[in-house]
file data_17.cif (mmCIF, C-alpha atoms and all ligand atoms)
data_final
#
loop_
_atom_site.label_atom_id
_atom_site.label_comp_id
_atom_site.auth_asym_id
_atom_site.auth_seq_id
_atom_site.Cartn_x
_atom_site.Cartn_y
_atom_site.Cartn_z
CA MET A 559 -29.65 -4.39 -18.60
CA ASN A 560 -26.48 -3.47 -16.70
CA PRO A 561 -24.98 -0.41 -18.53
CA PHE A 562 -21.53 -1.55 -17.42
CA ILE A 563 -20.37 -4.65 -19.29
CA PHE A 564 -17.39 -6.33 -17.60
CA PRO A 565 -15.14 -8.49 -19.80
CA GLU A 566 -16.52 -12.03 -19.87
CA GLU A 567 -13.24 -13.46 -18.56
CA SER A 568 -13.13 -11.03 -15.63
CA ASN A 569 -13.32 -12.56 -12.15
CA SER A 570 -13.00 -9.31 -10.24
CA LEU A 571 -14.80 -8.82 -6.95
CA VAL A 572 -16.55 -5.74 -8.30
CA LYS A 573 -18.01 -7.73 -11.20
CA LYS A 574 -19.18 -10.38 -8.74
CA HIS A 575 -20.88 -7.90 -6.39
CA LEU A 576 -22.18 -5.19 -8.74
CA SER A 577 -25.56 -6.73 -9.46
CA GLN A 578 -28.00 -5.14 -11.92
CA LYS A 579 -30.13 -4.03 -8.95
CA ILE A 580 -27.19 -2.32 -7.21
CA CYS A 581 -26.08 -0.80 -10.50
CA LYS A 582 -29.51 0.78 -10.99
CA LEU A 583 -29.33 2.10 -7.42
CA LEU A 584 -25.88 3.68 -7.83
CA GLU A 585 -25.34 4.62 -11.46
CA GLN A 586 -26.91 8.11 -11.15
CA LEU A 587 -25.22 8.95 -7.84
CA ASN A 588 -22.06 10.98 -7.29
CA THR A 589 -20.08 12.14 -4.27
CA ASP A 590 -19.79 15.85 -3.37
CA SER A 591 -16.56 15.96 -5.43
CA GLY A 592 -18.41 14.52 -8.46
CA PHE A 593 -17.01 10.98 -8.28
CA THR A 594 -19.29 8.44 -9.95
CA LEU A 595 -19.73 4.67 -10.05
CA GLU A 596 -18.45 4.59 -13.63
CA LYS A 597 -15.19 6.28 -12.57
CA ALA A 598 -14.88 3.91 -9.59
CA ILE A 599 -15.12 0.74 -11.69
CA HIS A 600 -13.44 1.98 -14.90
CA SER A 601 -10.22 0.08 -14.10
CA GLY A 602 -12.15 -3.17 -13.59
CA LEU A 603 -14.04 -2.63 -16.85
CA LYS A 604 -10.80 -2.06 -18.79
CA ASN A 605 -8.62 -4.75 -17.14
CA PRO A 606 -10.15 -8.24 -17.31
CA ASP A 607 -7.47 -9.56 -14.94
CA SER A 608 -8.37 -7.13 -12.13
CA ALA A 609 -8.68 -8.93 -8.82
CA ILE A 610 -10.73 -6.16 -7.23
CA GLY A 611 -11.57 -3.70 -10.04
CA ILE A 612 -12.80 -0.72 -8.02
CA TYR A 613 -11.11 2.37 -6.54
CA ALA A 614 -12.39 5.16 -4.27
CA GLY A 615 -12.17 8.74 -5.57
CA ASP A 616 -12.62 10.24 -2.09
CA ALA A 617 -13.53 9.23 1.46
CA GLN A 618 -17.25 9.70 0.70
CA SER A 619 -17.08 7.01 -2.03
CA TYR A 620 -17.14 4.35 0.70
CA GLN A 621 -20.54 5.63 1.89
CA THR A 622 -22.10 6.72 -1.42
CA PHE A 623 -21.23 3.42 -3.13
CA SER A 624 -21.37 1.24 0.00
CA PRO A 625 -23.77 -1.29 -1.63
CA VAL A 626 -20.84 -2.39 -3.82
CA PHE A 627 -17.85 -1.42 -1.63
CA ASP A 628 -19.15 -3.25 1.46
CA PRO A 629 -19.48 -6.73 -0.10
CA VAL A 630 -16.15 -6.32 -1.92
CA ILE A 631 -14.48 -5.37 1.38
CA LEU A 632 -16.21 -8.16 3.30
CA GLU A 633 -15.07 -10.77 0.78
CA TYR A 634 -11.51 -9.45 0.38
CA HIS A 635 -10.76 -8.80 4.07
CA GLY A 636 -12.98 -11.59 5.41
CA GLY A 637 -14.91 -11.82 8.70
CA VAL A 638 -15.19 -8.12 9.45
CA GLU A 639 -18.93 -7.91 10.21
CA ASN A 640 -19.80 -5.39 12.99
CA LEU A 641 -16.25 -4.06 12.70
CA LYS A 642 -14.90 -1.05 14.60
CA HIS A 643 -11.32 -0.84 13.31
CA LYS A 644 -8.80 0.08 16.05
CA SER A 645 -5.35 1.52 15.34
CA ASP A 646 -2.43 0.80 17.72
CA ILE A 647 0.85 2.40 16.63
CA ARG A 648 3.36 1.93 19.43
CA GLU A 649 7.07 1.02 19.36
CA LEU A 650 8.06 -2.62 19.86
CA ASP A 651 11.23 -4.42 20.96
CA LEU A 652 11.43 -7.81 19.21
CA PRO A 653 14.55 -9.98 18.71
CA VAL A 654 16.40 -9.52 15.40
CA LEU A 655 14.97 -12.16 13.03
CA ASP A 656 18.11 -13.29 11.19
CA PRO A 657 21.20 -12.17 13.18
CA GLU A 658 23.57 -14.20 10.93
CA GLU A 659 22.03 -12.43 7.92
CA LYS A 660 21.72 -15.74 6.03
CA TYR A 661 18.16 -15.35 4.70
CA ILE A 662 16.60 -11.89 5.07
CA LEU A 663 17.97 -9.39 2.54
CA SER A 664 15.79 -6.43 3.55
CA THR A 665 12.83 -5.37 5.65
CA ARG A 666 10.22 -2.85 4.46
CA ILE A 667 7.06 -1.55 6.12
CA ARG A 668 4.70 0.82 4.36
CA ILE A 669 1.48 2.54 5.28
CA ALA A 670 -0.77 4.68 3.12
CA ARG A 671 -2.51 7.89 4.13
CA ASN A 672 -4.94 10.23 2.36
CA LEU A 673 -5.58 13.73 3.66
CA LYS A 674 -9.03 14.55 4.97
CA GLY A 675 -10.92 16.97 2.73
CA PHE A 676 -9.03 16.11 -0.47
CA SER A 677 -10.13 13.87 -3.34
CA PHE A 678 -8.02 10.74 -3.69
CA PRO A 679 -5.32 10.41 -6.40
CA CYS A 680 -7.61 8.83 -9.04
CA HIS A 681 -9.91 11.88 -8.91
CA MET A 682 -7.72 14.97 -8.52
CA THR A 683 -7.27 18.04 -10.72
CA LEU A 684 -3.74 19.36 -11.24
CA SER A 685 -4.42 22.31 -8.95
CA GLN A 686 -5.68 19.98 -6.19
CA ARG A 687 -2.54 17.85 -6.58
CA ARG A 688 -0.37 21.00 -6.38
CA GLU A 689 -2.14 22.20 -3.22
CA LEU A 690 -1.79 18.76 -1.66
CA GLU A 691 1.91 18.44 -2.54
CA LYS A 692 2.63 21.86 -0.98
CA LYS A 693 0.79 20.90 2.24
CA ILE A 694 2.70 17.61 2.52
CA ILE A 695 6.11 19.19 1.81
CA THR A 696 5.47 21.64 4.68
CA ALA A 697 4.55 18.77 7.02
CA LEU A 698 7.63 16.77 5.96
CA SER A 699 9.92 19.71 6.74
CA CYS A 700 8.96 19.23 10.42
CA LEU A 701 10.58 15.76 10.59
CA LYS A 702 13.54 15.80 12.96
CA GLY A 703 16.71 13.86 13.83
CA ASN A 704 17.33 10.73 11.77
CA LEU A 705 14.05 11.32 9.88
CA LYS A 706 15.20 14.69 8.55
CA TRP A 707 16.35 15.42 5.03
CA ASN A 708 15.07 16.22 1.61
CA TYR A 709 12.09 16.21 -0.81
CA TYR A 710 12.85 15.40 -4.45
CA SER A 711 10.15 16.65 -6.81
CA PHE A 712 9.91 14.55 -9.99
CA GLU A 713 9.07 17.78 -11.82
CA HIS A 714 11.78 20.13 -10.53
CA ALA A 715 14.61 18.08 -9.01
CA ASP A 716 17.95 17.81 -10.81
CA LYS A 717 17.64 15.05 -13.47
CA LYS A 718 20.95 13.47 -12.40
CA GLU A 719 19.68 13.39 -8.82
CA LEU A 720 16.44 11.71 -9.94
CA LYS A 721 18.40 9.14 -11.99
CA ARG A 722 20.43 8.32 -8.87
CA LEU A 723 17.24 7.86 -6.84
CA GLU A 724 15.83 5.61 -9.57
CA THR A 725 18.89 3.36 -9.71
CA LYS A 726 18.72 2.95 -5.93
CA ASN A 727 14.98 2.15 -6.12
CA PHE A 728 14.29 5.17 -3.93
CA TRP A 729 11.47 6.44 -6.11
CA PHE A 730 8.29 5.16 -7.71
CA GLN A 731 7.37 4.60 -11.33
CA LYS A 732 4.18 5.73 -13.08
CA GLY A 733 1.27 3.56 -11.91
CA ASP A 734 0.53 0.24 -13.61
CA ARG A 735 -2.29 -0.19 -16.17
CA PHE A 736 -4.83 -0.82 -13.40
CA GLN A 737 -3.93 2.45 -11.68
CA ASP A 738 -3.72 4.20 -15.08
CA ALA A 739 -7.26 3.16 -16.02
CA ALA A 740 -8.45 4.41 -12.62
CA GLY A 741 -6.98 7.87 -13.30
CA ILE A 742 -4.15 7.70 -10.77
CA ASN A 743 -1.53 8.67 -13.37
CA SER A 744 -3.20 11.90 -14.51
CA ASP A 745 -0.64 14.75 -14.93
CA PHE A 746 2.26 12.37 -13.99
CA PRO A 747 5.06 13.31 -13.12
CA LYS A 748 3.63 16.71 -12.02
CA CYS A 749 3.18 17.12 -8.24
CA ARG A 750 4.83 13.74 -7.56
CA GLY A 751 7.94 13.33 -5.50
CA VAL A 752 9.83 11.36 -2.90
CA TYR A 753 10.98 12.49 0.52
CA LEU A 754 14.14 10.72 1.75
CA SER A 755 15.65 10.79 5.25
CA PHE A 756 19.39 11.44 5.48
CA ASP A 757 20.09 7.75 6.26
CA LYS A 758 17.82 6.74 3.32
CA GLN A 759 15.83 4.46 5.63
CA LEU A 760 12.65 6.48 5.56
CA MET A 761 10.91 7.30 2.28
CA VAL A 762 7.63 9.13 1.67
CA TRP A 763 6.05 8.81 -1.77
CA VAL A 764 3.81 11.80 -2.53
CA ASN A 765 0.82 11.41 -4.88
CA GLU A 766 1.36 7.79 -5.83
CA GLU A 767 -1.60 5.41 -5.43
CA ASP A 768 -2.46 7.34 -2.26
CA HIS A 769 -1.56 10.89 -1.18
CA LEU A 770 1.20 9.50 1.04
CA ARG A 771 3.02 6.17 1.14
CA ILE A 772 5.24 6.23 4.23
CA ILE A 773 7.94 3.59 3.90
CA SER A 774 10.56 2.50 6.42
CA LEU A 775 13.14 0.08 5.08
CA GLU A 776 16.60 -1.27 5.63
CA LYS A 777 18.85 -4.04 4.35
CA ALA A 778 18.63 -6.04 7.57
CA SER A 779 16.17 -8.03 9.67
CA ASP A 780 15.59 -5.83 12.72
CA LEU A 781 11.81 -5.63 12.27
CA SER A 782 11.28 -3.56 15.45
CA LYS A 783 13.80 -0.93 14.35
CA VAL A 784 12.16 -0.57 10.93
CA TYR A 785 8.70 -0.43 12.57
CA ASN A 786 9.74 2.03 15.29
CA ARG A 787 11.13 4.41 12.65
CA LEU A 788 7.75 4.27 10.86
CA CYS A 789 5.93 4.91 14.18
CA GLN A 790 8.05 8.03 14.79
CA ALA A 791 7.43 9.31 11.26
CA ILE A 792 3.64 8.76 11.24
CA LEU A 793 3.20 10.18 14.75
CA ALA A 794 5.22 13.29 13.75
CA LEU A 795 3.21 13.79 10.54
CA SER A 796 -0.07 13.26 12.45
CA GLN A 797 0.74 16.41 14.45
CA THR A 798 0.15 18.60 11.39
CA LEU A 799 -1.88 16.50 8.93
CA ASP A 800 -5.48 15.23 9.25
CA PHE A 801 -6.05 11.85 7.63
CA ALA A 802 -9.19 10.35 6.06
CA TRP A 803 -10.47 7.95 8.73
CA ASP A 804 -13.68 5.94 9.14
CA LYS A 805 -14.77 4.38 12.47
CA THR A 806 -15.59 1.11 10.72
CA TYR A 807 -12.97 0.91 7.97
CA GLY A 808 -10.08 2.77 9.64
CA HIS A 809 -7.69 4.60 7.31
CA LEU A 810 -9.37 5.11 3.92
CA THR A 811 -7.32 4.42 0.80
CA SER A 812 -7.72 4.52 -3.00
CA CYS A 813 -7.91 0.74 -3.21
CA PRO A 814 -10.23 -1.05 -0.76
CA THR A 815 -7.54 -3.72 -0.25
CA ASN A 816 -5.51 -1.23 1.79
CA ILE A 817 -8.11 0.18 4.22
CA GLY A 818 -7.78 -0.29 7.99
CA THR A 819 -4.11 -0.12 8.90
CA SER A 820 -3.12 0.25 5.19
CA MET A 821 0.04 -1.49 6.39
CA ARG A 822 2.12 -3.91 4.39
CA ALA A 823 5.08 -5.13 6.45
CA GLY A 824 7.42 -7.59 4.85
CA VAL A 825 10.84 -8.89 4.02
CA HIS A 826 12.79 -9.97 0.98
CA ILE A 827 13.91 -13.42 2.11
CA GLN A 828 15.96 -15.97 0.18
CA LEU A 829 14.50 -19.48 0.66
CA GLU A 830 16.38 -21.86 -1.62
CA LYS A 831 15.23 -25.02 0.20
CA LEU A 832 11.60 -23.98 0.74
CA GLU A 833 11.39 -22.94 -2.92
CA GLN A 834 11.73 -26.68 -3.64
CA LYS A 835 9.16 -27.50 -0.93
CA LYS A 836 6.51 -24.91 -1.80
CA GLU A 837 3.67 -26.85 -0.15
CA LEU A 838 5.45 -26.53 3.23
CA LEU A 839 6.06 -22.80 2.63
CA PHE A 840 2.40 -22.26 1.66
CA GLN A 841 1.27 -24.08 4.83
CA LEU A 842 3.37 -21.71 6.95
CA ILE A 843 2.17 -18.67 4.99
CA LYS A 844 -1.45 -19.72 5.61
CA ALA A 845 -0.85 -20.58 9.27
CA TYR A 846 0.56 -17.12 10.02
CA ASN A 847 -1.87 -15.23 7.76
CA LEU A 848 0.92 -13.97 5.49
CA GLN A 849 1.10 -13.41 1.72
CA ILE A 850 3.80 -13.87 -0.95
CA ARG A 851 4.56 -11.30 -3.66
CA GLY A 852 7.20 -11.42 -6.38
CA THR A 853 10.71 -10.07 -5.93
CA ARG A 854 9.86 -6.83 -7.70
CA GLY A 855 6.51 -6.37 -5.98
CA GLU A 856 2.88 -6.99 -6.71
CA LYS A 857 2.09 -9.16 -9.74
CA THR A 858 5.79 -9.94 -10.44
CA LYS A 859 7.76 -13.21 -10.37
CA ILE A 860 10.06 -14.78 -7.76
CA GLU A 861 13.72 -14.34 -8.80
CA ASN A 862 16.66 -16.31 -7.32
CA ALA A 863 14.39 -17.77 -4.60
CA VAL A 864 13.91 -14.27 -3.15
CA PHE A 865 10.35 -14.09 -1.80
CA ASP A 866 8.54 -10.92 -0.72
CA ILE A 867 6.70 -12.20 2.37
CA SER A 868 4.37 -9.81 4.19
CA ASN A 869 1.20 -9.62 6.26
CA SER A 870 -2.04 -10.46 4.52
CA GLN A 871 -4.55 -8.86 6.91
CA ARG A 872 -4.81 -5.05 6.98
CA LEU A 873 -8.32 -4.49 8.39
CA GLY A 874 -9.66 -5.48 11.83
CA ILE A 875 -6.13 -5.90 13.21
CA SER A 876 -3.79 -3.33 14.81
CA GLU A 877 -0.42 -2.26 13.40
CA SER A 878 1.47 -3.68 16.40
CA ARG A 879 -0.37 -7.02 16.12
CA ILE A 880 0.58 -7.21 12.40
CA ILE A 881 4.25 -6.77 13.30
CA GLN A 882 4.12 -9.36 16.09
CA ASN A 883 2.38 -11.92 13.85
CA LEU A 884 4.84 -11.29 11.00
CA HIS A 885 7.77 -11.73 13.40
CA ALA A 886 6.42 -15.08 14.64
CA GLY A 887 5.68 -16.26 11.10
CA LEU A 888 9.13 -15.36 9.78
CA LEU A 889 10.83 -17.12 12.72
CA ALA A 890 8.86 -20.27 11.83
CA ILE A 891 9.78 -19.95 8.12
CA ILE A 892 13.48 -19.46 8.89
CA LYS A 893 13.33 -22.47 11.25
CA ALA A 894 11.78 -24.60 8.50
CA GLU A 895 14.38 -23.43 5.94
CA LYS A 896 17.20 -24.30 8.37
CA SER A 897 15.70 -27.75 9.06
CA LEU A 898 15.62 -28.72 5.37
P1 LIG B 901 3.37 -1.83 -2.13
O1 LIG B 901 3.83 -0.42 -2.10
O2 LIG B 901 1.90 -2.05 -2.07
O3 LIG B 901 4.12 -2.67 -1.13
P2 LIG B 901 4.66 -3.40 -4.23
O4 LIG B 901 4.40 -4.76 -3.70
O5 LIG B 901 4.54 -3.21 -5.72
O6 LIG B 901 3.71 -2.31 -3.62
O7 LIG B 901 6.14 -2.96 -3.78
C1 LIG B 901 6.59 -1.66 -4.13
C2 LIG B 901 8.09 -1.70 -4.35
O8 LIG B 901 8.74 -2.00 -3.10
C3 LIG B 901 8.52 -2.80 -5.33
O9 LIG B 901 9.55 -2.30 -6.14
C4 LIG B 901 9.06 -3.88 -4.43
O10 LIG B 901 10.06 -4.66 -5.05
C5 LIG B 901 9.64 -3.07 -3.28
N1 LIG B 901 9.70 -3.85 -2.04
C6 LIG B 901 8.67 -4.47 -1.42
N2 LIG B 901 9.10 -5.11 -0.32
C7 LIG B 901 10.44 -4.89 -0.23
C8 LIG B 901 11.48 -5.29 0.68
N3 LIG B 901 11.21 -6.05 1.76
N4 LIG B 901 12.74 -4.88 0.43
C9 LIG B 901 13.02 -4.12 -0.64
N5 LIG B 901 12.10 -3.69 -1.54
C10 LIG B 901 10.83 -4.08 -1.33
N1 LIG B 902 -4.91 -3.90 -9.70
C1 LIG B 902 -6.04 -3.78 -8.83
C2 LIG B 902 -5.58 -3.52 -7.37
C3 LIG B 902 -5.34 -4.68 -6.49
C4 LIG B 902 -4.64 -4.35 -5.20
N2 LIG B 902 -3.33 -3.65 -5.41
C5 LIG B 902 -3.14 -2.35 -5.20
N3 LIG B 902 -4.06 -1.59 -4.64
N4 LIG B 902 -1.99 -1.80 -5.57
C6 LIG B 902 -6.89 -5.02 -9.02
O1 LIG B 902 -8.10 -4.89 -9.00
O2 LIG B 902 -6.32 -6.09 -9.24
#

call {"tool": "encode", "arguments": {"input": "data_17.cif", "output": "structure tokens"}}
result
Amino acid sequence: MNPFIFPEESNSLVKKHLSQKICKLLEQLNTDSGFTLEKAIHSGLKNPDSAIGIYAGDAQSYQTFSPVFDPVILEYHGGVENLKHKSDIRELDLPVLDPEEKYILSTRIRIARNLKGFSFPCHMTLSQRRELEKKIITALSCLKGNLKWNYYSFEHADKKELKRLETKNFWFQKGDRFQDAAGINSDFPKCRGVYLSFDKQLMVWVNEEDHLRIISLEKASDLSKVYNRLCQAILALSQTLDFAWDKTYGHLTSCPTNIGTSMRAGVHIQLEKLEQKKELLFQLIKAYNLQIRGTRGEKTKIENAVFDISNSQRLGISESRIIQNLHAGLLAIIKAEKSL
């Protein structure tokens, strides 16, 4: 009898792949930091509408619990047998997507990083979070030129300052119920904060779903410029920080959906015509291996025909290839919108 009973209505990948046999194999195991199978799947047990339902508590989770992580990853990311993930972060020079600024409202590219040797956010004590935050703040202080500026601690920054950041959507909220059930919100808002560059076009979230979410964004459609800023930031931070990396799965993240490049590159694009011709939009999304999210992010609705369109593949593809594919896909979508 499987000791872990998933809600009957759950269709999560972890429920599908955690057979009784695998459960028996894994339920007594724990990683060196004490992370267990029960902790890994707690979110999926509590949230019947989980799509995935499992989180990693540290890099070792992907090995210790590989009998359940591997099939979940294979099904979610698709066709990655005999994978050796390769990273390729180099600046690009692509034409501006929407020079008349008729469709694209903003461009945002984010990557996630977790520091080697630290437990991941769903499995950290307050003192580990404090040590991690200190280490990251020191690394961020080395950013130069247009990447330079300031760290705003949610715990210590001036409340008026934090309110200003919130109204400008320059900070992050407490994790959703899926992240909460996983343990990602423990001690929130302690040891959480946002680093902002002076031009407000680079943000680094500290201790959100991952140790670092490095975000380059601007209210325009120059995808290369947004990507090149991210390249400069991640290459600068890589000089002083060691990241959790696996030769098969690339960058390791709390949620297995983000491993590999951990990159989500996308735009907020207003598509009033294609909103009325969704089947055409979905064909283009499929053809260019893209995905649609709601206007306010994951699991939210589309408002005023503003679609969040981003890359779908994160694993088994390089960062530069993601950007080039996204660029081609968005050009095709804009062309279709214009033709309607
Ligand atoms: P992720 O960090 O995985 O991308 P979400 O999809 O929830 O998570 O997005 C996080 C936040 O970033 C949300 O508030 C979302 O509205 C915002 N966002 C995403 N893409 C863009 C964009 N192109 N322009 C402006 N804001 C964006
Ligand atoms: N809510 C979880 C995570 C899905 C992917 N999104 C992330 N990692 N923010 C689920 O199982 O649906």

call {"tool": "closest_residue", "arguments": {"input": "data_17.cif", "among": "A:Leu701, A:Ala863, A:Cys680, A:Ile880", "to": "Glu833 (chain A)", "atoms": "all atoms listed in the file"}}
result
A:Ala863

call {"tool": "closest_atom_pairs", "arguments": {"input": "data_17.cif", "of": "chain A", "to": "ligand LIG 901 (chain B)", "cutoff": "7 Å", "atoms": "all atoms listed in the file", "output": "Markdown table"}}
result
| residue | atom | partner | partner_atom | distance |
| --- | --- | --- | --- | --- |
| A:Ser664 | CA | B:LIG901 | N4 | 4.6 |
| A:Thr665 | CA | B:LIG901 | N3 | 4.3 |
| A:Arg666 | CA | B:LIG901 | N3 | 4.3 |
| A:Arg668 | CA | B:LIG901 | O3 | 6.5 |
| A:Leu775 | CA | B:LIG901 | N4 | 6.8 |
| A:Arg822 | CA | B:LIG901 | O3 | 6.0 |
| A:Gly824 | CA | B:LIG901 | N3 | 5.1 |
| A:Val825 | CA | B:LIG901 | N3 | 3.6 |
| A:His826 | CA | B:LIG901 | N3 | 4.3 |
| A:Arg851 | CA | B:LIG901 | O4 | 6.5 |
| A:Thr853 | CA | B:LIG901 | O10 | 5.5 |
| A:Arg854 | CA | B:LIG901 | O10 | 3.4 |
| A:Gly855 | CA | B:LIG901 | O4 | 3.5 |
| A:Glu856 | CA | B:LIG901 | O4 | 4.0 |
| A:Asp866 | CA | B:LIG901 | N2 | 5.9 |

call {"tool": "atom_distance", "arguments": {"input": "data_17.cif", "atom1": "CA of Tyr709 (chain A)", "atom2": "CA of Gly751 (chain A)"}}
result
6.9 Å

call {"tool": "residues_near_ligand", "arguments": {"input": "data_17.cif", "ligand": "ligand LIG 902 (chain B)", "cutoff": "10 Å", "atoms": "only C-alpha atoms and all ligand atoms", "output": "PyMOL selection string"}}
result
chain A and resi 569-572+599+601-602+605-613+733-740+767-768+811-817+855-857

call {"tool": "closest_residue", "arguments": {"input": "data_17.cif", "among": "A:Glu649, A:Glu766, A:Glu567, A:Asp804", "to": "Lys604 (chain A)", "atoms": "only C-alpha atoms"}}
result
A:Glu567

call {"tool": "closest_residue", "arguments": {"input": "data_17.cif", "among": "A:Phe627, A:Phe562, A:Tyr661, A:Trp763", "to": "Ser779 (chain A)", "atoms": "only C-alpha atoms"}}
result
A:Tyr661

call {"tool": "closest_residue", "arguments": {"input": "data_17.cif", "among": "A:Leu888, A:Leu795, A:Ala823, A:Val764", "to": "Gln871 (chain A)", "atoms": "all atoms listed in the file"}}
result
A:Ala823

call {"tool": "atom_distance", "arguments": {"input": "data_17.cif", "atom1": "CA of Pro625 (chain A)", "atom2": "CA of Leu673 (chain A)"}}
result
24.2 Å

call {"tool": "atom_distance", "arguments": {"input": "data_17.cif", "atom1": "CA of Asp651 (chain A)", "atom2": "CA of Ile667 (chain A)"}}
result
15.7 Å

call {"tool": "closest_residue", "arguments": {"input": "data_17.cif", "among": "A:Asn847, A:Ser774, A:Asn862, A:Asn883", "to": "Ile669 (chain A)", "atoms": "only C-alpha atoms"}}
result
A:Ser774

call {"tool": "residues_around", "arguments": {"input": "data_17.cif", "residues": "Tyr710 (chain A)", "least_positions_apart": "6", "cutoff": "8 Å", "atoms": "only C-alpha atoms", "output": "PDB file with C-alpha atoms, in the frame of the given file"}}
result
ATOM      1  CA  LEU A 720      16.440  11.710  -9.940  1.00  0.00           C
ATOM      2  CA  GLY A 751       7.940  13.330  -5.500  1.00  0.00           C
ATOM      3  CA  VAL A 752       9.830  11.360  -2.900  1.00  0.00           C
ATOM      4  CA  TYR A 753      10.980  12.490   0.520  1.00  0.00           C
ATOM      5  CA  LEU A 754      14.140  10.720   1.750  1.00  0.00           C
TER       6      LEU A 754
END

call {"tool": "decode", "arguments": {"input": "data_17.cif", "residues": "region 684-698 of chain A", "atoms": "N, CA, C and O atoms", "output": "mmCIF file, in the first residue's frame"}}
result
data_model
loop_
_atom_site.group_PDB
_atom_site.id
_atom_site.type_symbol
_atom_site.label_atom_id
_atom_site.label_comp_id
_atom_site.auth_asym_id
_atom_site.auth_seq_id
_atom_site.Cartn_x
_atom_site.Cartn_y
_atom_site.Cartn_z
ATOM 1 N N LEU A 684 16.536 29.139 8.658
ATOM 2 C CA LEU A 684 16.695 30.596 8.623
ATOM 3 C C LEU A 684 18.167 30.970 8.560
ATOM 4 O O LEU A 684 18.565 31.846 7.782
ATOM 5 N N SER A 685 18.998 30.254 9.313
ATOM 6 C CA SER A 685 20.433 30.634 9.311
ATOM 7 C C SER A 685 21.069 30.335 7.949
ATOM 8 O O SER A 685 21.902 31.091 7.467
ATOM 9 N N GLN A 686 20.617 29.257 7.287
ATOM 10 C CA GLN A 686 21.147 28.975 5.939
ATOM 11 C C GLN A 686 20.696 30.074 4.956
ATOM 12 O O GLN A 686 21.475 30.524 4.124
ATOM 13 N N ARG A 687 19.436 30.511 5.088
ATOM 14 C CA ARG A 687 18.950 31.576 4.209
ATOM 15 C C ARG A 687 19.761 32.851 4.436
ATOM 16 O O ARG A 687 20.114 33.542 3.493
ATOM 17 N N ARG A 688 20.068 33.138 5.720
ATOM 18 C CA ARG A 688 20.801 34.377 6.059
ATOM 19 C C ARG A 688 22.213 34.329 5.450
ATOM 20 O O ARG A 688 22.668 35.267 4.825
ATOM 21 N N GLU A 689 22.852 33.157 5.588
ATOM 22 C CA GLU A 689 24.215 32.995 5.045
ATOM 23 C C GLU A 689 24.193 33.153 3.522
ATOM 24 O O GLU A 689 25.016 33.848 2.936
ATOM 25 N N LEU A 690 23.169 32.571 2.912
ATOM 26 C CA LEU A 690 23.056 32.641 1.446
ATOM 27 C C LEU A 690 22.822 34.083 0.994
ATOM 28 O O LEU A 690 23.471 34.576 0.064
ATOM 29 N N GLU A 691 21.896 34.767 1.682
ATOM 30 C CA GLU A 691 21.587 36.161 1.294
ATOM 31 C C GLU A 691 22.847 37.013 1.385
ATOM 32 O O GLU A 691 23.152 37.787 0.457
ATOM 33 N N LYS A 692 23.622 36.843 2.440
ATOM 34 C CA LYS A 692 24.854 37.636 2.617
ATOM 35 C C LYS A 692 25.815 37.381 1.455
ATOM 36 O O LYS A 692 26.369 38.309 0.853
ATOM 37 N N LYS A 693 25.967 36.117 1.083
ATOM 38 C CA LYS A 693 26.903 35.726 0.011
ATOM 39 C C LYS A 693 26.474 36.356 -1.314
ATOM 40 O O LYS A 693 27.283 36.865 -2.090
ATOM 41 N N ILE A 694 25.162 36.352 -1.554
ATOM 42 C CA ILE A 694 24.646 36.889 -2.827
ATOM 43 C C ILE A 694 24.770 38.408 -2.854
ATOM 44 O O ILE A 694 25.154 38.996 -3.871
ATOM 45 N N ILE A 695 24.476 39.066 -1.731
ATOM 46 C CA ILE A 695 24.599 40.536 -1.689
ATOM 47 C C ILE A 695 26.033 40.947 -2.003
ATOM 48 O O ILE A 695 26.295 41.874 -2.772
ATOM 49 N N THR A 696 26.996 40.213 -1.473
ATOM 50 C CA THR A 696 28.419 40.518 -1.753
ATOM 51 C C THR A 696 28.705 40.371 -3.242
ATOM 52 O O THR A 696 29.322 41.244 -3.863
ATOM 53 N N ALA A 697 28.185 39.288 -3.839
ATOM 54 C CA ALA A 697 28.422 39.071 -5.285
ATOM 55 C C ALA A 697 27.754 40.169 -6.108
ATOM 56 O O ALA A 697 28.326 40.695 -7.069
ATOM 57 N N LEU A 698 26.562 40.583 -5.706
ATOM 58 C CA LEU A 698 25.826 41.619 -6.459
ATOM 59 C C LEU A 698 26.539 42.967 -6.398
ATOM 60 O O LEU A 698 26.464 43.772 -7.329
#
